[in-house]
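Asker: This is the content of upload-v8.cif (mmCIF, C-alpha atoms):
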```cif
data_input
loop_
_atom_site.label_atom_id
_atom_site.label_comp_id
_atom_site.auth_asym_id
_atom_site.auth_seq_id
_atom_site.Cartn_x
_atom_site.Cartn_y
_atom_site.Cartn_z
CA MET B 9 64.53 245.92 158.90
CA TYR B 10 65.14 249.65 158.37
CA PHE B 11 62.86 249.61 155.34
CA LYS B 12 60.07 247.93 157.32
CA ILE B 13 60.37 250.41 160.17
CA LYS B 14 60.46 253.37 157.82
CA THR B 15 57.42 252.07 155.95
CA TYR B 16 55.59 251.54 159.24
CA PHE B 17 56.24 255.04 160.43
CA VAL B 18 55.19 256.64 157.16
CA GLY B 19 51.95 254.68 157.36
CA LEU B 20 51.57 255.75 160.97
CA LEU B 21 51.89 259.38 159.98
CA VAL B 22 49.24 259.17 157.28
CA VAL B 23 46.68 256.87 158.85
CA LEU B 24 46.77 258.07 162.43
CA PHE B 25 46.49 261.65 161.25
CA ALA B 26 43.39 260.62 159.35
CA THR B 27 42.13 258.88 162.48
CA ALA B 28 42.77 262.03 164.49
CA CYS B 29 40.58 263.92 162.03
CA GLY B 30 37.66 261.56 162.58
CA GLY B 31 38.25 258.27 160.74
CA ASN B 32 35.83 255.36 161.07
CA ASN B 33 36.28 253.08 164.06
CA LYS B 34 34.69 249.71 164.66
CA SER B 35 35.11 249.81 168.41
CA GLY B 36 36.34 253.29 169.21
CA GLN B 37 32.87 254.84 169.13
CA ASP B 38 31.54 252.41 171.71
CA THR B 39 34.66 252.87 173.80
CA GLU B 40 34.37 256.63 173.58
CA ALA B 41 30.77 256.47 174.76
CA GLY B 42 31.86 254.46 177.77
CA ALA B 43 34.77 256.79 178.42
CA ASN B 44 32.44 259.77 178.61
CA LYS B 45 30.13 258.14 181.14
CA PRO B 46 32.14 257.72 184.36
CA ASP B 47 30.67 255.14 186.71
CA SER B 48 30.82 256.77 190.11
CA ALA B 49 29.06 253.77 191.62
CA ALA B 50 31.78 251.33 190.66
CA SER B 51 33.01 249.29 193.61
CA GLY B 52 36.46 247.93 194.31
CA LYS B 53 39.71 249.28 192.95
CA THR B 54 40.03 250.73 189.46
CA VAL B 55 42.74 251.05 186.83
CA LEU B 56 41.84 253.84 184.42
CA PHE B 57 43.47 253.88 180.97
CA PHE B 58 43.36 257.40 179.53
CA GLY B 59 44.42 257.55 175.91
CA ASP B 60 43.74 257.67 172.19
CA SER B 61 42.94 255.08 169.48
CA LEU B 62 45.53 252.63 170.76
CA THR B 63 43.75 252.52 174.10
CA ALA B 64 40.27 252.61 172.54
CA GLY B 65 41.00 249.62 170.32
CA TYR B 66 40.65 251.23 166.90
CA GLY B 67 39.59 248.72 164.23
CA LEU B 68 39.03 245.81 166.61
CA ASP B 69 35.67 244.03 166.73
CA ASP B 70 35.34 244.40 170.48
CA PRO B 71 36.90 247.00 172.83
CA SER B 72 37.83 244.17 175.19
CA GLN B 73 40.40 243.07 172.58
CA ALA B 74 42.37 246.32 173.02
CA PHE B 75 45.38 246.22 175.31
CA PRO B 76 43.48 247.48 178.40
CA GLY B 77 41.22 244.44 177.98
CA VAL B 78 44.29 242.24 177.79
CA VAL B 79 45.46 243.77 181.05
CA GLN B 80 42.06 243.08 182.63
CA HIS B 81 42.42 239.42 181.69
CA LYS B 82 45.85 239.32 183.34
CA ILE B 83 44.43 241.01 186.43
CA ASP B 84 41.67 238.42 186.64
CA SER B 85 44.13 235.57 186.13
CA ALA B 86 46.27 236.94 188.97
CA HIS B 87 43.17 237.25 191.18
CA LEU B 88 43.79 240.94 191.86
CA PRO B 89 40.85 243.14 192.95
CA TYR B 90 40.92 245.67 190.11
CA LYS B 91 38.47 246.72 187.40
CA VAL B 92 39.88 248.25 184.21
CA ILE B 93 38.17 251.38 182.87
CA ASN B 94 38.95 252.08 179.19
CA ALA B 95 38.80 255.85 178.71
CA GLY B 96 40.34 255.84 175.25
CA VAL B 97 39.07 258.15 172.49
CA SER B 98 40.31 257.74 168.92
CA GLY B 99 42.05 260.84 167.62
CA GLU B 100 42.64 262.29 171.07
CA THR B 101 45.47 264.79 171.52
CA SER B 102 47.08 265.83 174.77
CA ALA B 103 45.06 269.06 174.64
CA GLY B 104 41.85 267.06 174.16
CA GLY B 105 42.75 264.87 177.10
CA ARG B 106 43.49 267.91 179.23
CA GLY B 107 40.06 269.24 178.33
CA ARG B 108 38.15 266.13 179.44
CA ILE B 109 40.22 264.95 182.37
CA ASN B 110 38.05 266.52 185.07
CA TRP B 111 34.97 264.76 183.72
CA ILE B 112 36.74 261.41 183.55
CA LEU B 113 37.94 261.80 187.13
CA LYS B 114 34.35 261.65 188.35
CA GLN B 115 35.16 257.95 188.14
CA LYS B 116 37.09 256.73 191.18
CA VAL B 117 40.72 256.06 190.28
CA ASP B 118 43.28 253.96 192.13
CA VAL B 119 45.75 253.56 189.24
CA PHE B 120 45.89 255.99 186.33
CA VAL B 121 47.60 254.93 183.09
CA LEU B 122 48.35 257.82 180.71
CA GLU B 123 48.66 257.07 176.97
CA LEU B 124 48.53 260.35 175.08
CA GLY B 125 50.80 262.40 172.83
CA ALA B 126 51.08 260.32 169.66
CA ASN B 127 48.61 262.46 167.74
CA ASP B 128 50.45 265.59 168.88
CA GLY B 129 53.64 264.20 167.40
CA LEU B 130 52.02 263.20 164.13
CA ARG B 131 50.73 266.73 163.74
CA GLY B 132 54.13 268.17 164.51
CA LEU B 133 52.85 270.13 167.50
CA PRO B 134 55.53 271.69 169.70
CA VAL B 135 56.93 269.20 172.18
CA SER B 136 56.74 271.90 174.85
CA GLN B 137 52.98 272.09 174.29
CA THR B 138 52.56 268.33 174.61
CA THR B 139 54.70 268.33 177.74
CA GLU B 140 52.63 271.12 179.29
CA ASN B 141 49.36 269.31 178.59
CA LEU B 142 50.58 265.97 179.92
CA GLN B 143 51.91 267.65 183.05
CA ALA B 144 48.55 269.38 183.56
CA ILE B 145 46.78 266.00 183.31
CA ILE B 146 49.19 264.48 185.84
CA ASP B 147 48.72 267.44 188.20
CA THR B 148 44.93 267.14 187.96
CA VAL B 149 44.98 263.42 188.75
CA LYS B 150 47.30 263.92 191.71
CA ALA B 151 45.16 266.74 193.08
CA LYS B 152 41.94 264.74 192.78
CA TYR B 153 43.34 261.39 193.91
CA PRO B 154 46.61 262.01 195.81
CA LYS B 155 46.95 258.33 196.72
CA ALA B 156 46.54 257.09 193.13
CA LYS B 157 49.47 255.45 191.38
CA LEU B 158 50.33 256.76 187.91
CA VAL B 159 51.90 255.06 184.91
CA MET B 160 53.18 256.84 181.80
CA LEU B 161 53.15 255.01 178.46
CA GLY B 162 55.92 256.26 176.19
CA MET B 163 55.48 256.83 172.46
CA GLN B 164 57.68 257.72 169.49
CA VAL B 165 57.17 259.58 166.22
CA PRO B 166 58.42 258.77 162.70
CA PRO B 167 62.01 259.78 161.90
CA ASN B 168 60.73 261.77 158.94
CA MET B 169 59.37 264.29 161.46
CA GLY B 170 63.00 265.30 161.91
CA SER B 171 65.66 263.73 164.10
CA ILE B 172 65.71 266.54 166.65
CA TYR B 173 61.94 266.62 166.98
CA ALA B 174 61.75 262.81 167.20
CA ALA B 175 64.40 262.73 169.93
CA ASP B 176 62.78 265.52 171.93
CA PHE B 177 59.38 263.89 171.63
CA LYS B 178 60.64 260.50 172.79
CA ALA B 179 62.49 262.08 175.72
CA THR B 180 59.49 263.99 177.07
CA PHE B 181 57.81 260.84 178.42
CA ALA B 182 60.85 259.73 180.39
CA THR B 183 61.41 263.29 181.60
CA LEU B 184 57.84 263.63 182.85
CA ALA B 185 57.95 260.21 184.51
CA ALA B 186 61.16 261.08 186.34
CA LYS B 187 59.97 264.57 187.30
CA ASN B 188 56.73 263.25 188.76
CA ASN B 189 58.18 260.03 190.19
CA ILE B 190 55.79 257.81 188.26
CA ALA B 191 56.29 254.50 186.52
CA LEU B 192 57.20 254.43 182.81
CA VAL B 193 56.67 251.99 179.96
CA PRO B 194 59.40 253.33 177.63
CA PHE B 195 57.69 252.40 174.32
CA LEU B 196 54.14 251.11 174.29
CA LEU B 197 54.44 249.45 170.86
CA LYS B 198 57.68 247.58 171.53
CA GLY B 199 57.70 244.33 169.56
CA VAL B 200 54.63 245.37 167.55
CA GLY B 201 55.53 248.56 165.69
CA GLY B 202 56.80 247.76 162.20
CA VAL B 203 55.68 244.12 162.30
CA PRO B 204 53.04 243.70 159.54
CA ALA B 205 51.60 240.46 160.94
CA LEU B 206 50.82 242.18 164.24
CA ASN B 207 49.12 245.21 162.76
CA GLN B 208 45.86 245.79 160.92
CA LYS B 209 45.70 246.64 157.20
CA ASP B 210 46.39 250.29 158.00
CA GLY B 211 49.83 249.18 159.14
CA ILE B 212 49.76 250.95 162.47
CA HIS B 213 46.96 249.78 164.75
CA PRO B 214 47.60 246.42 166.46
CA THR B 215 45.65 243.32 165.58
CA VAL B 216 44.24 241.16 168.35
CA GLU B 217 47.59 239.35 168.54
CA GLY B 218 49.47 242.65 168.49
CA ALA B 219 47.31 244.00 171.30
CA LYS B 220 48.25 241.00 173.42
CA ILE B 221 51.93 241.96 173.10
CA VAL B 222 51.16 245.61 173.86
CA GLY B 223 49.23 244.48 176.91
CA GLU B 224 52.23 242.43 178.00
CA ASN B 225 54.46 245.52 177.64
CA VAL B 226 52.18 247.37 180.02
CA TRP B 227 51.74 244.43 182.37
CA GLU B 228 55.49 244.14 182.91
CA VAL B 229 55.40 247.51 184.67
CA LEU B 230 51.84 247.55 186.00
CA GLN B 231 51.80 244.16 187.72
CA GLY B 232 54.16 245.17 190.49
CA ILE B 233 52.20 248.33 191.14
CA LEU B 234 48.90 246.48 191.47
CA VAL B 235 50.35 243.87 193.80
CA LYS B 236 51.78 246.53 196.13
CA ASN B 237 48.92 249.04 195.93
#
```
Have the structure of the file written as structure tokens, please.

Answerer:
Amino acid sequence: MYFKIKTYFVGLLVVLFATACGGNNKSGQDTEAGANKPDSAASGKTVLFFGDSLTAGYGLDDPSQAFPGVVQHKIDSAHLPYKVINAGVSGETSAGGRGRINWILKQKVDVFVLELGANDGLRGLPVSQTTENLQAIIDTVKAKYPKAKLVMLGMQVPPNMGSIYAADFKATFATLAAKNNIALVPFLLKGVGGVPALNQKDGIHPTVEGAKIVGENVWEVLQGILVKN
């Protein structure tokens, strides 16, 4: 098990870094185009997923197969009045997200799900910098939509980044969630990370089946919020 996890994380470091530098993406380009065209005319309530390649659905044939699409299916099955907006961009860092957040918020937001930071960690950027950027994004959302509910999706970095760095990185998501009184999914890839059958050939991006599990991880926290909101 340790060997599989170690192998997974090494692959994550190499491939996601390449993705961050502009790797090819079957669905991410289409998703990115949609993410950069907020639909201010959208009616009803919205759940906006703001993230990187994991949100965008890197390598999948259709963006709807990514975990936000899985969540939309669960929303529809539960007959809840929400539309999912996938604002994922492959290779996005927390700084990149901070730079585009005001544009994305032209889209009405009732629930904001934040999935950023993994590419920061893979580049070894200071955790303090990632924390500052994520906090700025949270502050911007709260200022624009004070009644919106927020959800933080936690991530982890490979142990070969250094045990202290890995621990600090992991802790920043829980710290930000507690500080801002927002919901937290402790580890987005729980049950998928390190499982070859649930990841694409690159070893790090979920397959369709893997995305279903990731969507379930998010749904466990999000469902209660949507029912009450």

Asker: Any idea what the distance is between atom CA of B:Gln231 and atom CA of B:Asn94?

Answerer: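 Taking atom CA of B:Gln231 as the start and atom CA of B:Asn94 as the end point, the length is 17.3 Å.
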
Asker: I'd like the interatomic distance between atom CA of B:Ala74 and atom CA of B:Val193, to a tenth of an Å.

Answerer: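 It comes out at 16.9 Å.
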
Asker: Specify as a compact mmCIF listing (two decimals) with C-alpha atoms, keeping the file's coordinate frame each residue included when the PyMOL selection byres ((chain B and resi 165) around 8) is applied to this file.

Answerer:
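Okay, this is what ended up in result33.txt:
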```txt
# COMPACT_ATOMS: atom_id res chain seq x y z
CA PHE B 17 56.24 255.04 160.43
CA ALA B 126 51.08 260.32 169.66
CA GLY B 129 53.64 264.20 167.40
CA LEU B 130 52.02 263.20 164.13
CA MET B 163 55.48 256.83 172.46
CA GLN B 164 57.68 257.72 169.49
CA PRO B 166 58.42 258.77 162.70
CA PRO B 167 62.01 259.78 161.90
CA MET B 169 59.37 264.29 161.46
CA ALA B 174 61.75 262.81 167.20
CA PHE B 177 59.38 263.89 171.63
CA LYS B 178 60.64 260.50 172.79
```

Asker: Determine the residue set returned by the PyMOL selection byres ((chain B and resi 55-58) around 8) for the present structure, and present it as an MDAnalysis selection string.

Answerer: chainID B and resid 53:54 59:60 63 76 90:96 105 117:124

Asker: What is the distance between atom CA of B:Leu158 and atom CA of B:Tyr173, in Å to one decimal?

Answerer: 25.9 Å

Asker: Point out the residue among B:Lys157, B:Ala103, B:Gly232, B:Gly65 with the least atom-to-atom distance to B:Thr138, counting all atoms listed in the file.

Answerer: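 Answer, going by the shortest atom-to-atom distance: B:Ala103.
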
Asker: Could you check the closest approach to B:Leu234 for each of B:Val78, B:Val97, B:Ile109, B:Ala191 and tell me which residue wins, using all atoms listed in the file?

Answerer: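 Closest to B:Leu234, using all atoms listed in the file: B:Ala191.
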
Asker: For B:Ala205, which residue out of B:Ala144, B:Ala179, B:Val229, B:Ala219 is the nearest one, using all atoms listed in the file?

Answerer: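 Distance minimum relative to B:Ala205 lands on B:Ala219.
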
Asker: Do you know which residues are at most 10 Å from B:Asn188 counting all atoms listed in the file, after dropping those on the same chain fewer than 5 positions away, and could you put them as a PyMOL selection string?

Answerer: chain B and resi 143+146-147+150+158+182-183

Asker: Considering all atoms listed in the file, state which residue in the set B:Asn237, B:Asn225, B:Asn207, B:Ser171 is at the smallest distance from B:Gly67.

Answerer: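 Looking only at the distances to B:Gly67, the closest residue turns out to be B:Asn207.
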
Asker: Report as an mmCIF file with C-alpha atoms, in the frame of the given file all protein, DNA and RNA residues lying within 8 Å of B:Val149, evaluated on all atoms listed in the file, omitting residues in the same chain fewer than 5 positions from it.

Answerer:
```cif
data_model
loop_
_atom_site.group_PDB
_atom_site.id
_atom_site.type_symbol
_atom_site.label_atom_id
_atom_site.label_comp_id
_atom_site.auth_asym_id
_atom_site.auth_seq_id
_atom_site.Cartn_x
_atom_site.Cartn_y
_atom_site.Cartn_z
ATOM 1 C CA LEU B 113 37.940 261.800 187.130
ATOM 2 C CA PHE B 120 45.890 255.990 186.330
ATOM 3 C CA PRO B 154 46.610 262.010 195.810
ATOM 4 C CA ALA B 156 46.540 257.090 193.130
#
```

Asker: Looking at B:Gly211, B:Thr180, B:Asp128, B:Val222, which one is nearest to B:Gly77, with distances taken over only C-alpha atoms?

Answerer: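 For B:Gly77, the nearest of the given residues is B:Val222.
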
Asker: Quick one: axis-aligned box around all listed atoms of stretch 64-68 of chain B, 3 Å on every side, centre and edge lengths in Å to one decimal, written as JSON.

Answerer:
```
{"center_x": 40.0, "center_y": 249.2, "center_z": 168.4, "size_x": 8.0, "size_y": 12.8, "size_z": 14.3}
```
